[in-house]
Amino acid sequence: MTTPIIAALAFDGISPFHLSVPCLVFGADRTRLGLPRFDFRVCGIEAGMIQTEAGLSILVAHGLSALDDADIIIIPSWKDLEAPLAKPLNEALGRAHRRGTLIVGLCLGTFAIAATGLLSGRKATTHWAYTDQLQALHPDIAVDADVLYVDDGDIVTSAGVAAGLDCCLHIVRARYGAEAALRLARHVVLSPHRQGGQAQFIERPVAKSANADRFTHALDAVRAALGETHSLDSVAEAAGLTRRTFTRRFQKSIGTSFGDWLTNQRIELAQRLLEATEKSIDIVAFEAGFGSATSLRQHFAARLRTSPVQYRREFSRRVDRDEQVARALSS
């Protein structure tokens with residue numbers, strides 16, 4: 001077994017913040033958090049010095065040849081959105097896609113992937129201010145302007161700025177499990193999984209008030225007791241709000257409905273229980289608040305496109321694989 005190789009593509013004029021997103025998630029040693037040791041590479045079309053839009057100079061150690069054995073290629077942003085890709089980069093991304101590499105476009109990085117033709121007939125997203133331009137340039141792409149990221153199997157794209165972090169955490173969750181993603185999120189002080197869409201980035205924050213504090217405490221109480229019954233009316237009452245006001249505030253501050261948020265909280269708890277315990281599916285369903293194994297299976301199929309049994313089996317395989325890698329590296 002080999003160390004997973006993560007390659008982030010840099011270019012002249014890149015935003016240092018966008019480049020820092022994959023560096024933060026994959027560029028440091030996170031083995032104590034349950035993640036494998038990554039071989040993280042910052043690559044350019046050619047190796048050498050590049051200038052960022054902030055005036056910083058970065059020495060890029062790798063050229064495009066470093067993409068040829070990468071397990072994940074991340075394009076953190078892009079410029080010259082309407083220009084064709086340089087032929088060497090176009091060919092490198094095509095080769096990577098054919099051999100099964102996961103290709104990730106964060107924010108405007110979606111434009112680079114779209115320019116290769118790999119997104120033709122597929123769903124994707126980008127920064128909300130550029131979704132119309134992406135759609136006009138590539139009408140064969142199903143552009144979703146409302147989501148934080150789109151996972152289309154071997155290609156993942158994200159919305160702008162902070163959504164790139166959400167997307168990278170999603171990749172960690174999908175490949176290494178909910179518990180590892182949760183520990184990583186806590187370590188870098190991020191929400192492990194935000195619900196809702198890009199409206200979260202353009203809405204004004206809710207003003208602080210006594211009711212806002214009760215609103216937060218009400219949601220914390222739900223998270224602490226997901227196995228119990230939580231109706232919209234009971235949580236609104238705990239928040240000191242009417243049902244209508246609570247619903248409006250929840251949509252504005254969280255970006256989704258209370259029901260969807262509650263379901264996702266319960267799915268994440270079920271994932272952690274399946275990963276970290278040997279509890280039966282019935283008990284996991286009960287403790288996560290789904291009531292029955294049948295309901296749990298239905299929600300896993302709808303949200304994760306797998307079953308609880310298959311999820312536990314796949315996570316066990318990942319753990320076994322990572323342990324083999326760790327032993328091989330230490331020997």
# chains A, B, ... in the order shown; residues from 1 in each chain; ligands from 1
>>> residues_around(residues="Ala70 (chain A)", least_positions_apart="5", cutoff="7 Å", atoms="only C-alpha atoms", output="PyMOL selection string")
chain A and resi 5-7+101
>>> residues_around(residues="Thr3 (chain A)", least_positions_apart="6", cutoff="8 Å", atoms="only C-alpha atoms", output="PyMOL selection string")
chain A and resi 36-39+325
>>> select_by_dssp(residues="region 202-309 of chain A", states="helix (DSSP H, G or I)", output="NGL selection string")
:A and (202 or 210-224 or 232-238 or 243-254 or 258-276 or 281-287 or 293-303 or 308-309)
>>> atom_distance(atom1="CA of Ile281 (chain A)", atom2="CA of Arg266 (chain A)")
13.7 Å
>>> select_by_dssp(residues="region 87-226 of chain A", states="strand (DSSP E or B)", output="list in words")
Leu102, Ile103, Val104, Gly105, Lys123, Ala124, Ala142, Val143, Val147, Tyr149, Val150, Asp151, Ile155, Val156, Thr157, Ser158 and Gly197 of chain A
>>> write_last_selection(atoms="C-alpha atoms", output="mmCIF file, in the first residue's frame")
data_model
loop_
_atom_site.group_PDB
_atom_site.id
_atom_site.type_symbol
_atom_site.label_atom_id
_atom_site.label_comp_id
_atom_site.auth_asym_id
_atom_site.auth_seq_id
_atom_site.Cartn_x
_atom_site.Cartn_y
_atom_site.Cartn_z
ATOM 1 C CA LEU A 102 -10.576 12.180 -7.979
ATOM 2 C CA ILE A 103 -10.557 15.659 -9.515
ATOM 3 C CA VAL A 104 -11.708 18.558 -7.349
ATOM 4 C CA GLY A 105 -12.501 22.106 -8.437
ATOM 5 C CA LYS A 123 -23.797 18.517 -12.353
ATOM 6 C CA ALA A 124 -21.414 21.108 -10.889
ATOM 7 C CA ALA A 142 -26.119 21.262 -15.035
ATOM 8 C CA VAL A 143 -24.987 24.204 -12.885
ATOM 9 C CA VAL A 147 -25.331 24.227 -3.015
ATOM 10 C CA TYR A 149 -20.519 21.525 -3.193
ATOM 11 C CA VAL A 150 -21.459 18.828 -5.689
ATOM 12 C CA ASP A 151 -20.056 15.299 -5.376
ATOM 13 C CA ILE A 155 -15.378 14.866 -9.858
ATOM 14 C CA VAL A 156 -16.233 17.190 -6.963
ATOM 15 C CA THR A 157 -16.851 20.925 -7.309
ATOM 16 C CA SER A 158 -17.520 23.575 -4.677
ATOM 17 C CA GLY A 197 -26.572 26.549 0.304
#
>>> residues_around(residues="Ser77 (chain A)", least_positions_apart="6", cutoff="12 Å", atoms="only C-alpha atoms", output="ChimeraX atom specification")
/A:8-22,52-53,104-113,126-127,157-161,164
>>> residues_around(residues="Ala270 (chain A)", least_positions_apart="4", cutoff="7 Å", atoms="only C-alpha atoms", output="JSON, numbers by chain")
{"A": [266, 274, 284, 285, 288]}
>>> closest_residue(among="A:Leu81, A:Leu93, A:Phe258, A:Ala185", to="Thr131 (chain A)", atoms="only C-alpha atoms")
A:Leu81
>>> residues_around(residues="Ile58 (chain A)", least_positions_apart="3", cutoff="7 Å", atoms="only C-alpha atoms", output="PyMOL selection string")
chain A and resi 49-51
>>> write_last_selection(atoms="N, CA and C atoms", output="compact mmCIF listing (two decimals), in the first residue's frame")
# COMPACT_ATOMS: atom_id res chain seq x y z
N MET A 49 9.14 29.67 -9.64
CA MET A 49 8.56 30.74 -8.84
C MET A 49 7.28 31.26 -9.49
N ILE A 50 6.24 31.46 -8.66
CA ILE A 50 5.01 32.10 -9.13
C ILE A 50 4.70 33.27 -8.22
N GLN A 51 3.89 34.21 -8.74
CA GLN A 51 3.45 35.34 -7.96
C GLN A 51 1.97 35.16 -7.63
>>> closest_residue(among="A:Ala224, A:Leu184, A:Leu190, A:Ala114", to="Trp78 (chain A)", atoms="only C-alpha atoms")
A:Ala114
>>> closest_atom_pairs(of="region 18-125 of chain A", to="region 168-180 of chain A", cutoff="8 Å", atoms="only C-alpha atoms", output="Markdown table")
| residue | atom | partner | partner_atom | distance |
| --- | --- | --- | --- | --- |
| A:Pro22 | CA | A:Cys168 | CA | 7.0 |
| A:Val25 | CA | A:Cys168 | CA | 6.8 |
| A:Leu33 | CA | A:Ala180 | CA | 6.2 |
| A:Gly34 | CA | A:Ala180 | CA | 5.5 |
| A:Leu35 | CA | A:Ala180 | CA | 6.5 |
>>> write_last_selection(atoms="all heavy atoms", output="PDB file, in the first residue's frame")
ATOM      1  N   PRO A  22      -6.628  23.585   0.492  1.00  0.00           N
ATOM      2  CA  PRO A  22      -6.167  22.184   0.501  1.00  0.00           C
ATOM      3  C   PRO A  22      -4.914  21.990   1.346  1.00  0.00           C
ATOM      4  O   PRO A  22      -4.702  20.906   1.898  1.00  0.00           O
ATOM      5  CB  PRO A  22      -5.912  21.883  -0.977  1.00  0.00           C
ATOM      6  CG  PRO A  22      -5.714  23.218  -1.624  1.00  0.00           C
ATOM      7  CD  PRO A  22      -6.599  24.164  -0.866  1.00  0.00           C
ATOM      8  N   VAL A  25      -6.077  21.341   4.955  1.00  0.00           N
ATOM      9  CA  VAL A  25      -6.743  20.057   5.192  1.00  0.00           C
ATOM     10  C   VAL A  25      -5.810  18.875   4.955  1.00  0.00           C
ATOM     11  O   VAL A  25      -5.808  17.911   5.726  1.00  0.00           O
ATOM     12  CB  VAL A  25      -7.999  19.935   4.314  1.00  0.00           C
ATOM     13  CG1 VAL A  25      -8.652  18.560   4.475  1.00  0.00           C
ATOM     14  CG2 VAL A  25      -8.999  21.044   4.656  1.00  0.00           C
ATOM     15  N   LEU A  33      -5.089  12.313  14.250  1.00  0.00           N
ATOM     16  CA  LEU A  33      -6.527  12.520  14.165  1.00  0.00           C
ATOM     17  C   LEU A  33      -7.219  11.372  13.439  1.00  0.00           C
ATOM     18  O   LEU A  33      -8.421  11.416  13.203  1.00  0.00           O
ATOM     19  CB  LEU A  33      -6.831  13.835  13.435  1.00  0.00           C
ATOM     20  CG  LEU A  33      -6.260  15.113  14.058  1.00  0.00           C
ATOM     21  CD1 LEU A  33      -6.632  16.317  13.215  1.00  0.00           C
ATOM     22  CD2 LEU A  33      -6.763  15.282  15.482  1.00  0.00           C
ATOM     23  N   GLY A  34      -6.461  10.336  13.078  1.00  0.00           N
ATOM     24  CA  GLY A  34      -7.054   9.187  12.406  1.00  0.00           C
ATOM     25  C   GLY A  34      -6.972   9.239  10.898  1.00  0.00           C
ATOM     26  O   GLY A  34      -7.557   8.388  10.215  1.00  0.00           O
ATOM     27  N   LEU A  35      -6.245  10.223  10.352  1.00  0.00           N
ATOM     28  CA  LEU A  35      -6.079  10.325   8.910  1.00  0.00           C
ATOM     29  C   LEU A  35      -4.743   9.710   8.501  1.00  0.00           C
ATOM     30  O   LEU A  35      -3.802   9.650   9.297  1.00  0.00           O
ATOM     31  CB  LEU A  35      -6.119  11.795   8.466  1.00  0.00           C
ATOM     32  CG  LEU A  35      -7.481  12.476   8.584  1.00  0.00           C
ATOM     33  CD1 LEU A  35      -7.347  13.967   8.359  1.00  0.00           C
ATOM     34  CD2 LEU A  35      -8.460  11.892   7.592  1.00  0.00           C
TER      35      LEU A  35
END
>>> residues_around(residues="Ala92 (chain A)", least_positions_apart="3", cutoff="7 Å", atoms="only C-alpha atoms", output="count of residues only")
6
>>> atom_distance(atom1="CA of Ala86 (chain A)", atom2="CA of Glu46 (chain A)")
11.4 Å
>>> decode(residues="region 177-189 of chain A", atoms="all heavy atoms", output="mmCIF file, in the first residue's frame")
data_model
loop_
_atom_site.group_PDB
_atom_site.id
_atom_site.type_symbol
_atom_site.label_atom_id
_atom_site.label_comp_id
_atom_site.auth_asym_id
_atom_site.auth_seq_id
_atom_site.Cartn_x
_atom_site.Cartn_y
_atom_site.Cartn_z
ATOM 1 N N GLY A 177 -14.092 8.593 6.836
ATOM 2 C CA GLY A 177 -15.087 8.415 7.870
ATOM 3 C C GLY A 177 -15.491 9.693 8.583
ATOM 4 O O GLY A 177 -14.744 10.677 8.633
ATOM 5 N N ALA A 178 -16.703 9.665 9.148
ATOM 6 C CA ALA A 178 -17.261 10.842 9.814
ATOM 7 C C ALA A 178 -16.474 11.218 11.061
ATOM 8 O O ALA A 178 -16.327 12.408 11.371
ATOM 9 C CB ALA A 178 -18.722 10.578 10.176
ATOM 10 N N GLU A 179 -15.961 10.233 11.790
ATOM 11 C CA GLU A 179 -15.236 10.536 13.023
ATOM 12 C C GLU A 179 -13.934 11.266 12.732
ATOM 13 O O GLU A 179 -13.580 12.238 13.416
ATOM 14 C CB GLU A 179 -14.956 9.249 13.810
ATOM 15 C CG GLU A 179 -14.326 9.475 15.169
ATOM 16 C CD GLU A 179 -15.212 10.280 16.107
ATOM 17 O OE1 GLU A 179 -16.451 10.154 16.014
ATOM 18 O OE2 GLU A 179 -14.659 11.036 16.925
ATOM 19 N N ALA A 180 -13.200 10.823 11.694
ATOM 20 C CA ALA A 180 -11.961 11.500 11.318
ATOM 21 C C ALA A 180 -12.250 12.926 10.866
ATOM 22 O O ALA A 180 -11.522 13.865 11.213
ATOM 23 C CB ALA A 180 -11.247 10.729 10.207
ATOM 24 N N ALA A 181 -13.321 13.113 10.093
ATOM 25 C CA ALA A 181 -13.690 14.450 9.636
ATOM 26 C C ALA A 181 -14.083 15.338 10.819
ATOM 27 O O ALA A 181 -13.747 16.528 10.849
ATOM 28 C CB ALA A 181 -14.834 14.367 8.631
ATOM 29 N N LEU A 182 -14.769 14.763 11.791
ATOM 30 C CA LEU A 182 -15.177 15.524 12.972
ATOM 31 C C LEU A 182 -13.957 15.968 13.770
ATOM 32 O O LEU A 182 -13.857 17.131 14.195
ATOM 33 C CB LEU A 182 -16.100 14.679 13.839
ATOM 34 C CG LEU A 182 -16.583 15.319 15.142
ATOM 35 C CD1 LEU A 182 -17.402 16.563 14.855
ATOM 36 C CD2 LEU A 182 -17.400 14.312 15.956
ATOM 37 N N ARG A 183 -12.997 15.070 13.966
ATOM 38 C CA ARG A 183 -11.793 15.437 14.714
ATOM 39 C C ARG A 183 -10.998 16.514 13.984
ATOM 40 O O ARG A 183 -10.467 17.452 14.599
ATOM 41 C CB ARG A 183 -10.927 14.201 14.960
ATOM 42 C CG ARG A 183 -11.508 13.226 15.979
ATOM 43 C CD ARG A 183 -10.466 12.232 16.445
ATOM 44 N NE ARG A 183 -10.054 11.348 15.373
ATOM 45 C CZ ARG A 183 -10.609 10.158 15.123
ATOM 46 N NH1 ARG A 183 -11.608 9.736 15.874
ATOM 47 N NH2 ARG A 183 -10.166 9.405 14.142
ATOM 48 N N LEU A 184 -10.904 16.379 12.654
ATOM 49 C CA LEU A 184 -10.190 17.379 11.866
ATOM 50 C C LEU A 184 -10.888 18.732 11.950
ATOM 51 O O LEU A 184 -10.238 19.774 12.123
ATOM 52 C CB LEU A 184 -10.096 16.925 10.409
ATOM 53 C CG LEU A 184 -9.483 17.922 9.422
ATOM 54 C CD1 LEU A 184 -8.072 18.304 9.838
ATOM 55 C CD2 LEU A 184 -9.481 17.348 8.010
ATOM 56 N N ALA A 185 -12.220 18.729 11.833
ATOM 57 C CA ALA A 185 -12.976 19.977 11.898
ATOM 58 C C ALA A 185 -12.769 20.665 13.247
ATOM 59 O O ALA A 185 -12.587 21.890 13.320
ATOM 60 C CB ALA A 185 -14.460 19.708 11.650
ATOM 61 N N ARG A 186 -12.801 19.888 14.311
ATOM 62 C CA ARG A 186 -12.571 20.469 15.630
ATOM 63 C C ARG A 186 -11.167 21.034 15.744
ATOM 64 O O ARG A 186 -10.955 22.096 16.334
ATOM 65 C CB ARG A 186 -12.787 19.401 16.704
ATOM 66 C CG ARG A 186 -14.253 19.060 16.944
ATOM 67 C CD ARG A 186 -14.377 17.897 17.904
ATOM 68 N NE ARG A 186 -15.774 17.612 18.236
ATOM 69 C CZ ARG A 186 -16.189 16.501 18.819
ATOM 70 N NH1 ARG A 186 -15.303 15.559 19.153
ATOM 71 N NH2 ARG A 186 -17.470 16.325 19.093
ATOM 72 N N HIS A 187 -10.197 20.340 15.147
ATOM 73 C CA HIS A 187 -8.806 20.763 15.242
ATOM 74 C C HIS A 187 -8.583 22.102 14.555
ATOM 75 O O HIS A 187 -7.823 22.953 15.047
ATOM 76 C CB HIS A 187 -7.900 19.693 14.619
ATOM 77 C CG HIS A 187 -6.444 19.992 14.732
ATOM 78 N ND1 HIS A 187 -5.753 19.920 15.926
ATOM 79 C CD2 HIS A 187 -5.531 20.383 13.806
ATOM 80 C CE1 HIS A 187 -4.483 20.231 15.729
ATOM 81 N NE2 HIS A 187 -4.328 20.528 14.448
ATOM 82 N N VAL A 188 -9.223 22.305 13.406
ATOM 83 C CA VAL A 188 -9.041 23.561 12.667
ATOM 84 C C VAL A 188 -10.177 24.544 12.939
ATOM 85 O O VAL A 188 -10.287 25.578 12.286
ATOM 86 C CB VAL A 188 -8.894 23.305 11.150
ATOM 87 C CG1 VAL A 188 -7.671 22.456 10.878
ATOM 88 C CG2 VAL A 188 -10.140 22.648 10.562
ATOM 89 N N VAL A 189 -11.038 24.216 13.919
ATOM 90 C CA VAL A 189 -12.124 25.088 14.386
ATOM 91 C C VAL A 189 -13.087 25.407 13.246
ATOM 92 O O VAL A 189 -13.315 26.565 12.890
ATOM 93 C CB VAL A 189 -11.580 26.385 15.030
ATOM 94 C CG1 VAL A 189 -12.669 27.045 15.868
ATOM 95 C CG2 VAL A 189 -10.358 26.114 15.884
#
